[in-house]
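Engineer: First the structure, then my questions, so here it is.
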Amino acid sequence: MTKYQFQHIFSNPPEQIFAIFRKQLCDTFPSVDLSNPIGTTIQKETRGVQGYTFLLDLEISDYKENEIYEITTHASNKQSYISRYELHSLPEDKTQLVLIEENTTPGFWGNANALITKIFFKKQGDRKAERLFQGIEAELAKQGS
């Protein structure tokens with residue numbers, strides 16, 4: 001298992017930041033019932049390394065309005081991936097967003113892959129989190145104008 005945690009402080013209240021996640025959730029899961037979204041699933045295909053096609057099962061695995069948004073993805077190669085977003089209210093209408101990503105691949109080779117990933121791809125994870133935070137900042141700026 002590989003696990004990363006990233007965090008960022010936004011100068012906006014949790015409700016404004018969570019609105020961005022809610023929109024993404026509704027776009028990704030068109031039939032979601034926002035009063036009870038946990039367990040909502042969709043399937044989609046995606047291309048992997050060397051052109052392999054994977055079937056992905058995406059599920060809303062945790063959700064609490066303005067606090068938690070978590071998606072679990074199960075791939076047809078038995079790999080699972082959890083993206084969890086936790087919003088913590090701070091004084092002065094600020095928000096701490098904590099992103100926790102966890103990747104699990106079963107078996108010996110999966111464990112070896114997790115170790116290699118942890119060593120060699122940490123910077124890639126940092127860049128991905130930074131792009132996410134910048135994207136949220138850009139969306140907040142658009143809403144403010």
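Residues are named by chain letter and number: chains run A, B, ... in the order of the structure tokens, numbers start at 1 in each chain, and ligands are numbered from 1 in the order shown.
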Excluding same-chain residues fewer than 4 positions from Arg84 (chain A), what lies within 9 Å of it counting only C-alpha atoms, as a list in words?

Structural biologist: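 That gives Asp62, Ile68, Tyr69, Glu70, Ile71, Thr72, Val98, Leu99, Ile100, Glu101 and Glu102 of chain A.
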
Engineer: Please identify all polymer residues within 12 Å of Arg22 (chain A), counting only C-alpha atoms, omitting same-chain residues fewer than 6 positions from it, and present them as a list in words.

Structural biologist: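 Residues meeting the cut-off are Pro14, Glu15, Gln16, Thr28, Phe29, Pro30, Val32, Asp33, Leu34, Ser35, Pro37, Ile60, Tyr63, Lys64, Glu65, Asn66, Glu67, Ile68, Tyr69, Glu70 and Tyr85 of chain A.
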
Engineer: What is the distance between CA of Gly144 (chain A) and CA of Gln5 (chain A), in Å to one decimal?

Structural biologist: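 Separation of CA of Gly144 (chain A) and CA of Gln5 (chain A): 28.4 Å.
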
Engineer: Pick out the residues sitting within 8 Å of Ile20 (chain A), and hand them over as a list in words; count only C-alpha atoms, and ignore anything fewer than 4 positions along from it in its own chain.

Structural biologist: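 The contact residues come out as Gln16, Gln24, Ile136 and Glu139 of chain A.
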
Engineer: Show me, as a PyMOL selection string, the residues that have an atom within 8 Å of region 74-77 of chain A when counting only C-alpha atoms, minus same-chain residues fewer than 5 positions from it.

Structural biologist: chain A and resi 54-58

Engineer: For N, CA and C atoms, I'd like the residues from the last selection saved as a PDB file, in the first residue's frame.

Structural biologist:
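Saved the output as result_29.pdb:
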ATOM      1  N   PHE A  54      -8.419  -0.243 -18.890  1.00  0.00           N
ATOM      2  CA  PHE A  54      -8.874  -0.716 -17.594  1.00  0.00           C
ATOM      3  C   PHE A  54     -10.329  -0.312 -17.401  1.00  0.00           C
ATOM      4  N   LEU A  55     -11.096  -1.183 -16.794  1.00  0.00           N
ATOM      5  CA  LEU A  55     -12.453  -0.868 -16.392  1.00  0.00           C
ATOM      6  C   LEU A  55     -12.373  -0.407 -14.940  1.00  0.00           C
ATOM      7  N   LEU A  56     -12.881   0.781 -14.674  1.00  0.00           N
ATOM      8  CA  LEU A  56     -12.843   1.337 -13.330  1.00  0.00           C
ATOM      9  C   LEU A  56     -14.238   1.377 -12.733  1.00  0.00           C
ATOM     10  N   ASP A  57     -14.355   0.966 -11.477  1.00  0.00           N
ATOM     11  CA  ASP A  57     -15.579   1.120 -10.700  1.00  0.00           C
ATOM     12  C   ASP A  57     -15.311   2.213  -9.679  1.00  0.00           C
ATOM     13  N   LEU A  58     -16.001   3.331  -9.806  1.00  0.00           N
ATOM     14  CA  LEU A  58     -15.848   4.447  -8.879  1.00  0.00           C
ATOM     15  C   LEU A  58     -17.020   4.442  -7.913  1.00  0.00           C
TER      16      LEU A  58
END

Engineer: Would you mind writing down, as a PyMOL selection string, each residue of region 2-140 of chain A that DSSP on the backbone assigns to strand (DSSP E)?

Structural biologist: chain A and resi 2-10+41-47+53-64+68-75+80-90+94-104

Engineer: With C-alpha atoms retained, export the selected residues as a PDB file, in the first residue's frame.

Structural biologist:
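And here's out-v5.pdb as it stands now:
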ATOM      1  CA  THR A   2       1.159   3.503  -0.853  1.00  0.00           C
ATOM      2  CA  LYS A   3      -0.240   6.430   1.089  1.00  0.00           C
ATOM      3  CA  TYR A   4       0.340  10.160   0.621  1.00  0.00           C
ATOM      4  CA  GLN A   5      -1.024  13.100   2.538  1.00  0.00           C
ATOM      5  CA  PHE A   6      -1.012  16.715   1.366  1.00  0.00           C
ATOM      6  CA  GLN A   7      -2.544  19.848   2.835  1.00  0.00           C
ATOM      7  CA  HIS A   8      -3.239  23.433   1.883  1.00  0.00           C
ATOM      8  CA  ILE A   9      -4.787  26.437   3.617  1.00  0.00           C
ATOM      9  CA  PHE A  10      -7.396  28.410   1.649  1.00  0.00           C
ATOM     10  CA  THR A  41     -21.203   4.004  -8.203  1.00  0.00           C
ATOM     11  CA  ILE A  42     -20.336   4.396 -11.866  1.00  0.00           C
ATOM     12  CA  GLN A  43     -18.158   2.456 -14.278  1.00  0.00           C
ATOM     13  CA  LYS A  44     -15.829   3.916 -16.851  1.00  0.00           C
ATOM     14  CA  GLU A  45     -12.970   2.809 -19.069  1.00  0.00           C
ATOM     15  CA  THR A  46      -9.555   4.414 -19.036  1.00  0.00           C
ATOM     16  CA  ARG A  47      -6.267   3.822 -20.798  1.00  0.00           C
ATOM     17  CA  THR A  53      -7.639  -0.452 -21.157  1.00  0.00           C
ATOM     18  CA  PHE A  54      -8.874  -0.716 -17.594  1.00  0.00           C
ATOM     19  CA  LEU A  55     -12.453  -0.868 -16.392  1.00  0.00           C
ATOM     20  CA  LEU A  56     -12.843   1.337 -13.330  1.00  0.00           C
ATOM     21  CA  ASP A  57     -15.579   1.120 -10.700  1.00  0.00           C
ATOM     22  CA  LEU A  58     -15.848   4.447  -8.879  1.00  0.00           C
ATOM     23  CA  GLU A  59     -17.762   4.677  -5.617  1.00  0.00           C
ATOM     24  CA  ILE A  60     -18.521   7.490  -3.210  1.00  0.00           C
ATOM     25  CA  SER A  61     -17.190   5.809  -0.072  1.00  0.00           C
ATOM     26  CA  ASP A  62     -17.528   8.670   2.423  1.00  0.00           C
ATOM     27  CA  TYR A  63     -19.322  11.995   2.336  1.00  0.00           C
ATOM     28  CA  LYS A  64     -20.238  14.627   4.864  1.00  0.00           C
ATOM     29  CA  ILE A  68     -15.511  15.002   3.755  1.00  0.00           C
ATOM     30  CA  TYR A  69     -15.564  13.767   0.177  1.00  0.00           C
ATOM     31  CA  GLU A  70     -14.021  10.359  -0.556  1.00  0.00           C
ATOM     32  CA  ILE A  71     -13.996   8.299  -3.728  1.00  0.00           C
ATOM     33  CA  THR A  72     -12.775   4.717  -3.934  1.00  0.00           C
ATOM     34  CA  THR A  73     -11.779   3.403  -7.348  1.00  0.00           C
ATOM     35  CA  HIS A  74     -11.426  -0.306  -8.075  1.00  0.00           C
ATOM     36  CA  ALA A  75      -9.621  -1.189 -11.299  1.00  0.00           C
ATOM     37  CA  SER A  80      -7.770   0.058  -5.511  1.00  0.00           C
ATOM     38  CA  TYR A  81      -7.258   3.766  -5.092  1.00  0.00           C
ATOM     39  CA  ILE A  82      -8.811   6.046  -2.467  1.00  0.00           C
ATOM     40  CA  SER A  83      -8.877   9.824  -2.736  1.00  0.00           C
ATOM     41  CA  ARG A  84     -10.102  11.486   0.461  1.00  0.00           C
ATOM     42  CA  TYR A  85     -10.636  15.212   0.883  1.00  0.00           C
ATOM     43  CA  GLU A  86     -11.101  16.530   4.413  1.00  0.00           C
ATOM     44  CA  LEU A  87     -12.046  20.168   4.995  1.00  0.00           C
ATOM     45  CA  HIS A  88     -11.294  21.669   8.396  1.00  0.00           C
ATOM     46  CA  SER A  89     -12.689  25.052   9.355  1.00  0.00           C
ATOM     47  CA  LEU A  90     -10.107  27.524  10.640  1.00  0.00           C
ATOM     48  CA  LYS A  94     -10.167  29.919   6.317  1.00  0.00           C
ATOM     49  CA  THR A  95     -10.102  26.214   5.475  1.00  0.00           C
ATOM     50  CA  GLN A  96      -7.454  23.558   5.762  1.00  0.00           C
ATOM     51  CA  LEU A  97      -7.899  21.013   2.966  1.00  0.00           C
ATOM     52  CA  VAL A  98      -6.240  17.671   3.636  1.00  0.00           C
ATOM     53  CA  LEU A  99      -5.861  15.330   0.659  1.00  0.00           C
ATOM     54  CA  ILE A 100      -5.122  11.691   1.494  1.00  0.00           C
ATOM     55  CA  GLU A 101      -4.409   9.307  -1.357  1.00  0.00           C
ATOM     56  CA  GLU A 102      -4.024   5.583  -0.847  1.00  0.00           C
ATOM     57  CA  ASN A 103      -3.178   2.994  -3.501  1.00  0.00           C
ATOM     58  CA  THR A 104      -3.385  -0.748  -2.830  1.00  0.00           C
TER      59      THR A 104
END

Engineer: Work out how far CA of Ile17 (chain A) is from CA of Pro91 (chain A), in Å to one decimal.

Structural biologist: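 Between these atoms lies a distance of 15.3 Å.
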
Engineer: Using CA of Lys123 (chain A) and CA of Ala19 (chain A) as the two end points, give the distance in Å to one decimal.

Structural biologist: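 Atom-to-atom, CA of Lys123 (chain A) to CA of Ala19 (chain A), that is 28.4 Å.
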
Engineer: Report as a count of residues only: the residues of chain A with a DSSP assignment of helix (DSSP H, G or I), based on the backbone of this structure.

Structural biologist: 55
